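Down below is the structure, laid out as structure tokens.
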Amino acid sequence: MANQRLPMHLLRQILLLQQQHKSIRDIARSLGLARNTVRGYLRMLPDPATLSLPQLSDQQLDELVQSRPPAPSPDAPLTILQQRFAQIDRELTRPGVTRYSLWLDYKAEHPNGYQYTQFCHYYQLWSQRQQTSMHIEHKAGDKLFVDFAGKRLSLVDQTTGEVRPVEFFVAVLGCSQLTYAQVVATQRKEDFITALQNALHYFGGVPAAIVPDNLKAAVIRSDRYEPQINETLADFALHYQTTILPARSGKPRDKALVEGAVNILYRRIYAPLRNEVFHRLDDLNAAIRPLLDAHNQMRFQNRGHSRQSQFEERERMHLMGLPNTAYLIKHYAGSRVQKNGHVLLSEDKHYYSVPYRYIGQWVRLIYTASSVEVYCQHQRIATHQRLQGQYHYSTLKEHLPPAHQWISDWSPETFVRRADRIGPQTRQAVEAILTSRAHPEQAYKSCQGVLSLEKKVGRERLERACQRALCYQSVSYKVIRSIIERGLDTLSDASPVSSVPSHENIRGASAYQ
């Protein structure tokens, strides 16, 4: 800029290029400076051939420069243009703004300025200097980079002929670049974690960290410093004792290995399968596997090893071991315990019991394909087998209050078993009461009433009362209680009267012929 010294790194680059015998024109073009600026600084500095740049500090270099550096004329076209580049870079991020529209603004202010081609050329040189990259040495067993390909494969419905696109998942180990790939139906959480789990089992071990993109199945809310990881993926990482390190949003260089692997697999998997038709995911994955193995066994250009051999020699031993059990995908939901001591799993519309003391509290449900766990304040309070019946109840007896537990035990078998402990007559009476009702539950209270008489009058009197009721062929709680209250159970003969006494007012059977 005008009347300001060049930064030290630019001075060092001028000297370095001069030592490489570059011309002033080439130096000016590569650094985006005016030729007069480069020439002026070279005049002020000693012969670059006599300088040792690595040993020369910035302070020493600054002392070599005269107190008044050559300043390009304020109206020099390149200097004026360079002053606008930072603003041009910001403006290009706005919708509808193009280089051509910005060049028109520039020409309106400086009619004698550069034409459009030179305008773009110098901006491109400046932009390239802003976009630097760094080579990273990947440690063995350190990171696994995963991503979905931008271009998708497809399946064809065997009945309708409909073409359905499917997602292509790719995972690459950082050190050996051993690659895993498969197709899944969607990029949803379940498919993503299934593919990720298959990749770990394909490698036969677990890396220290997994680097995914910012897809919703991995990251709920992206952030430069603390991205919010999907809860299921975080639980998956905990199961496999690894870490999730999402790439920065809009920074594909953070996972350049998998981006490059995707481009290679376009040629080595997509191209060989382009003329084949598949109807099922399993068939397509079966066709991908031999092509994937061939890719991993192919030697790198100008190297004496392949991805597979590099993995076996350098990386396999550094991977952590797989857990004994595979990960079951978990889902999460919240619910309030209802007054009947049950919570609703809204996805299935099914109710599950919890201990009655949690009625009215907010609980968390963690469920897999086969089980449902209920947590309150991070403590597990109930576990159930997952059932699919809508509006049905899964109830554990120990979750009910004591009074409800007693009622929950009521059944025909329960009453018959309790009556049998009293005596055979009581058992027959209870069986008669149960069979006399259209529905067994209608007789439960009557049976409970009969059995409760044992505590009042004892086992022997209840047995005799039931015997007399059976002889009367009129068995009910009221009849048995009446027999006991009137003392009929104490009579010696419990048999009913079998003959009718003769009387002038009593007619015989012949009168009804």
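Following the order of the structure tokens, chains are lettered A, B, ..., residues in each are numbered from 1, and ligands are numbered from 1.
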Counting only C-alpha atoms, what is within 8 Å of segment 124-131 of chain A, bar same-chain residues fewer than 3 positions away, as an NGL selection string?
-> :A and (30-32 or 85 or 120-121)
Excluding Glu347 of chain A and any residue of its chain fewer than 2 positions from it, enumerate the residues within 10 Å of it, using only C-alpha atoms, and give them as a PyMOL selection string.
-> chain A and resi 333+344-345+349-350+388+390
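The interatomic distance for the pair atom CA of Gln118 of chain A and atom CA of Met8 of chain A works out to 26.7 Å.
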Per DSSP on the backbone, what are the strand (DSSP E) residues of segment 85-316 of chain A, as an MDAnalysis selection string?
-> chainID A and resid 143:148 153:156 163:173 179:184 209:211 219:221 228:229 243:244
For those residues, write C-alpha atoms to a file as a compact mmCIF listing (two decimals), in the first residue's frame.
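And here is the file that came out, again_1.txt:
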```
# COMPACT_ATOMS: atom_id res chain seq x y z
CA LYS A 143 -8.47 -41.24 12.35
CA LEU A 144 -11.16 -42.68 10.10
CA PHE A 145 -12.63 -40.24 7.56
CA VAL A 146 -16.19 -40.92 6.39
CA ASP A 147 -18.49 -39.28 3.85
CA PHE A 148 -21.33 -39.89 1.40
CA LEU A 153 -26.08 -45.26 -7.52
CA SER A 154 -29.60 -46.58 -8.14
CA LEU A 155 -31.88 -49.59 -7.84
CA VAL A 156 -34.70 -50.54 -10.18
CA VAL A 163 -35.55 -46.09 -10.50
CA ARG A 164 -34.69 -45.37 -6.88
CA PRO A 165 -31.38 -43.63 -6.00
CA VAL A 166 -29.34 -44.99 -3.09
CA GLU A 167 -26.53 -43.43 -1.08
CA PHE A 168 -22.86 -44.44 -1.49
CA PHE A 169 -20.96 -44.48 1.82
CA VAL A 170 -17.14 -44.29 1.90
CA ALA A 171 -14.72 -44.62 4.85
CA VAL A 172 -10.92 -44.19 4.64
CA LEU A 173 -8.26 -44.81 7.30
CA THR A 179 -11.01 -47.87 1.98
CA TYR A 180 -14.45 -49.28 2.77
CA ALA A 181 -17.57 -48.59 0.70
CA GLN A 182 -21.18 -49.75 0.56
CA VAL A 183 -24.59 -48.48 -0.48
CA VAL A 184 -27.42 -47.71 1.95
CA ALA A 209 -11.34 -40.81 16.19
CA ILE A 210 -13.96 -40.75 13.44
CA VAL A 211 -14.20 -37.65 11.22
CA VAL A 219 -24.15 -33.30 13.83
CA ILE A 220 -27.29 -31.66 15.20
CA ARG A 221 -25.85 -28.14 15.22
CA GLN A 228 -23.34 -30.62 18.90
CA ILE A 229 -23.03 -34.34 18.11
CA THR A 243 -14.31 -40.08 19.50
CA ILE A 244 -16.34 -38.10 16.96
```
Expressed in Å to a single decimal, how great is the separation between atom CA of Leu273 of chain A and atom CA of Arg188 of chain A?
-> 24.8 Å
Name the residues in contact with Ile288 of chain A at a cut-off of 7 Å, using only C-alpha atoms, excluding same-chain residues fewer than 4 positions from it; report them as a PyMOL selection string.
-> chain A and resi 269+284+292
Please, could you write that set of residues out with N, CA and C atoms as a short mmCIF file (atom, residue, chain, number, x, y, z; two decimals), in the first residue's frame?
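So the final result, stored in out-v9.cif, reads:
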```cif
data_model
loop_
_atom_site.label_atom_id
_atom_site.label_comp_id
_atom_site.auth_asym_id
_atom_site.auth_seq_id
_atom_site.Cartn_x
_atom_site.Cartn_y
_atom_site.Cartn_z
N ILE A 269 -15.45 -48.10 -9.26
CA ILE A 269 -16.67 -48.84 -8.89
C ILE A 269 -17.85 -48.38 -9.74
N LEU A 284 -26.42 -55.20 -4.92
CA LEU A 284 -25.51 -54.13 -5.31
C LEU A 284 -24.26 -54.13 -4.43
N LEU A 292 -14.11 -53.21 -4.65
CA LEU A 292 -13.47 -52.52 -3.52
C LEU A 292 -12.18 -53.22 -3.12
#
```
Which neighbours of Thr395 of chain A fall inside 8 Å, counting only C-alpha atoms, when residues of the same chain fewer than 2 positions from it are skipped, and could you give them as a ChimeraX atom specification?
-> /A:342,352-353,393,397,399
Restrict the selected residues to N, CA and C atoms and save them as an mmCIF file, in the first residue's frame.
```
data_model
loop_
_atom_site.group_PDB
_atom_site.id
_atom_site.type_symbol
_atom_site.label_atom_id
_atom_site.label_comp_id
_atom_site.auth_asym_id
_atom_site.auth_seq_id
_atom_site.Cartn_x
_atom_site.Cartn_y
_atom_site.Cartn_z
ATOM 1 N N HIS A 342 -48.134 -45.678 33.842
ATOM 2 C CA HIS A 342 -47.592 -46.089 32.547
ATOM 3 C C HIS A 342 -47.105 -44.860 31.778
ATOM 4 N N TYR A 352 -46.019 -48.566 28.660
ATOM 5 C CA TYR A 352 -45.143 -49.405 29.471
ATOM 6 C C TYR A 352 -45.203 -48.917 30.923
ATOM 7 N N SER A 353 -45.214 -49.871 31.851
ATOM 8 C CA SER A 353 -45.353 -49.530 33.259
ATOM 9 C C SER A 353 -44.018 -49.092 33.856
ATOM 10 N N TYR A 393 -51.008 -52.372 26.728
ATOM 11 C CA TYR A 393 -50.252 -52.072 27.935
ATOM 12 C C TYR A 393 -49.315 -53.223 28.270
ATOM 13 N N LYS A 397 -45.851 -56.574 37.446
ATOM 14 C CA LYS A 397 -46.578 -56.599 38.714
ATOM 15 C C LYS A 397 -45.887 -55.766 39.779
ATOM 16 N N HIS A 399 -44.378 -53.092 39.604
ATOM 17 C CA HIS A 399 -44.529 -51.652 39.423
ATOM 18 C C HIS A 399 -45.824 -51.122 40.019
#
```
Counting only C-alpha atoms, the residue of A:Arg417, A:Arg267, A:Arg314, A:Arg224 that sits nearest Ser249 of chain A = A:Arg224
Fewer than 5 positions away in the same chain doesn't count, so skip those; otherwise give me all residues within 9 Å of segment 372-385 of chain A, counting only C-alpha atoms, as an mmCIF file with N, CA and C atoms, in the first residue's frame.
```
data_model
loop_
_atom_site.group_PDB
_atom_site.id
_atom_site.type_symbol
_atom_site.label_atom_id
_atom_site.label_comp_id
_atom_site.auth_asym_id
_atom_site.auth_seq_id
_atom_site.Cartn_x
_atom_site.Cartn_y
_atom_site.Cartn_z
ATOM 1 N N VAL A 343 -46.129 -45.090 30.889
ATOM 2 C CA VAL A 343 -45.646 -44.050 29.986
ATOM 3 C C VAL A 343 -45.927 -44.488 28.556
ATOM 4 N N LEU A 345 -44.907 -44.737 24.672
ATOM 5 C CA LEU A 345 -43.892 -44.667 23.621
ATOM 6 C C LEU A 345 -44.629 -44.259 22.351
ATOM 7 N N TYR A 352 -46.019 -48.566 28.660
ATOM 8 C CA TYR A 352 -45.143 -49.405 29.471
ATOM 9 C C TYR A 352 -45.203 -48.917 30.923
ATOM 10 N N SER A 353 -45.214 -49.871 31.851
ATOM 11 C CA SER A 353 -45.353 -49.530 33.259
ATOM 12 C C SER A 353 -44.018 -49.092 33.856
ATOM 13 N N VAL A 354 -44.102 -48.248 34.890
ATOM 14 C CA VAL A 354 -42.955 -47.857 35.709
ATOM 15 C C VAL A 354 -43.406 -47.949 37.163
ATOM 16 N N PRO A 355 -42.477 -47.989 38.137
ATOM 17 C CA PRO A 355 -42.889 -48.015 39.545
ATOM 18 C C PRO A 355 -43.848 -46.871 39.877
ATOM 19 N N TYR A 358 -43.276 -42.997 40.705
ATOM 20 C CA TYR A 358 -42.846 -42.004 39.719
ATOM 21 C C TYR A 358 -44.017 -41.360 38.982
ATOM 22 N N GLN A 361 -44.075 -37.728 37.113
ATOM 23 C CA GLN A 361 -42.738 -37.228 36.825
ATOM 24 C C GLN A 361 -42.401 -37.401 35.341
ATOM 25 N N TRP A 362 -41.475 -36.557 34.879
ATOM 26 C CA TRP A 362 -41.019 -36.609 33.492
ATOM 27 C C TRP A 362 -39.874 -37.607 33.403
ATOM 28 N N VAL A 363 -39.977 -38.560 32.476
ATOM 29 C CA VAL A 363 -38.975 -39.612 32.341
ATOM 30 C C VAL A 363 -38.466 -39.643 30.904
ATOM 31 N N ARG A 364 -37.369 -40.351 30.726
ATOM 32 C CA ARG A 364 -36.747 -40.467 29.410
ATOM 33 C C ARG A 364 -36.754 -41.926 28.972
ATOM 34 N N LEU A 365 -37.176 -42.168 27.727
ATOM 35 C CA LEU A 365 -37.217 -43.514 27.188
ATOM 36 C C LEU A 365 -36.076 -43.693 26.194
ATOM 37 N N ILE A 366 -35.303 -44.755 26.381
ATOM 38 C CA ILE A 366 -34.247 -45.147 25.450
ATOM 39 C C ILE A 366 -34.615 -46.533 24.935
ATOM 40 N N TYR A 367 -34.850 -46.633 23.624
ATOM 41 C CA TYR A 367 -35.374 -47.899 23.108
ATOM 42 C C TYR A 367 -34.620 -48.326 21.856
ATOM 43 N N SER A 394 -48.070 -52.884 28.577
ATOM 44 C CA SER A 394 -47.104 -53.853 29.100
ATOM 45 C C SER A 394 -46.872 -53.498 30.566
ATOM 46 N N THR A 395 -47.316 -54.366 31.459
ATOM 47 C CA THR A 395 -47.317 -54.051 32.883
ATOM 48 C C THR A 395 -46.557 -55.115 33.658
ATOM 49 N N LEU A 396 -45.642 -54.668 34.507
ATOM 50 C CA LEU A 396 -44.944 -55.558 35.437
ATOM 51 C C LEU A 396 -45.597 -55.433 36.808
ATOM 52 N N HIS A 399 -44.378 -53.092 39.604
ATOM 53 C CA HIS A 399 -44.529 -51.652 39.423
ATOM 54 C C HIS A 399 -45.824 -51.122 40.019
#
```
Excluding same-chain residues fewer than 5 positions from Ala271 of chain A, what lies within 12 Å of it counting only C-alpha atoms, as JSON, numbers by chain?
-> {"A": [153, 263, 264, 265, 266, 276, 288, 291]}
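Distances from A:His110, A:Ile359, A:Asp235, A:Asp157 to Leu281 of chain A were compared using only C-alpha atoms, and the smallest one belongs to A:Asp157.
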Among the residues of segment 359-415 of chain A, find those DSSP assigns to alpha helix (DSSP H) from the backbone and print them as number ranges by chain.
-> A: 402-408, 412-415
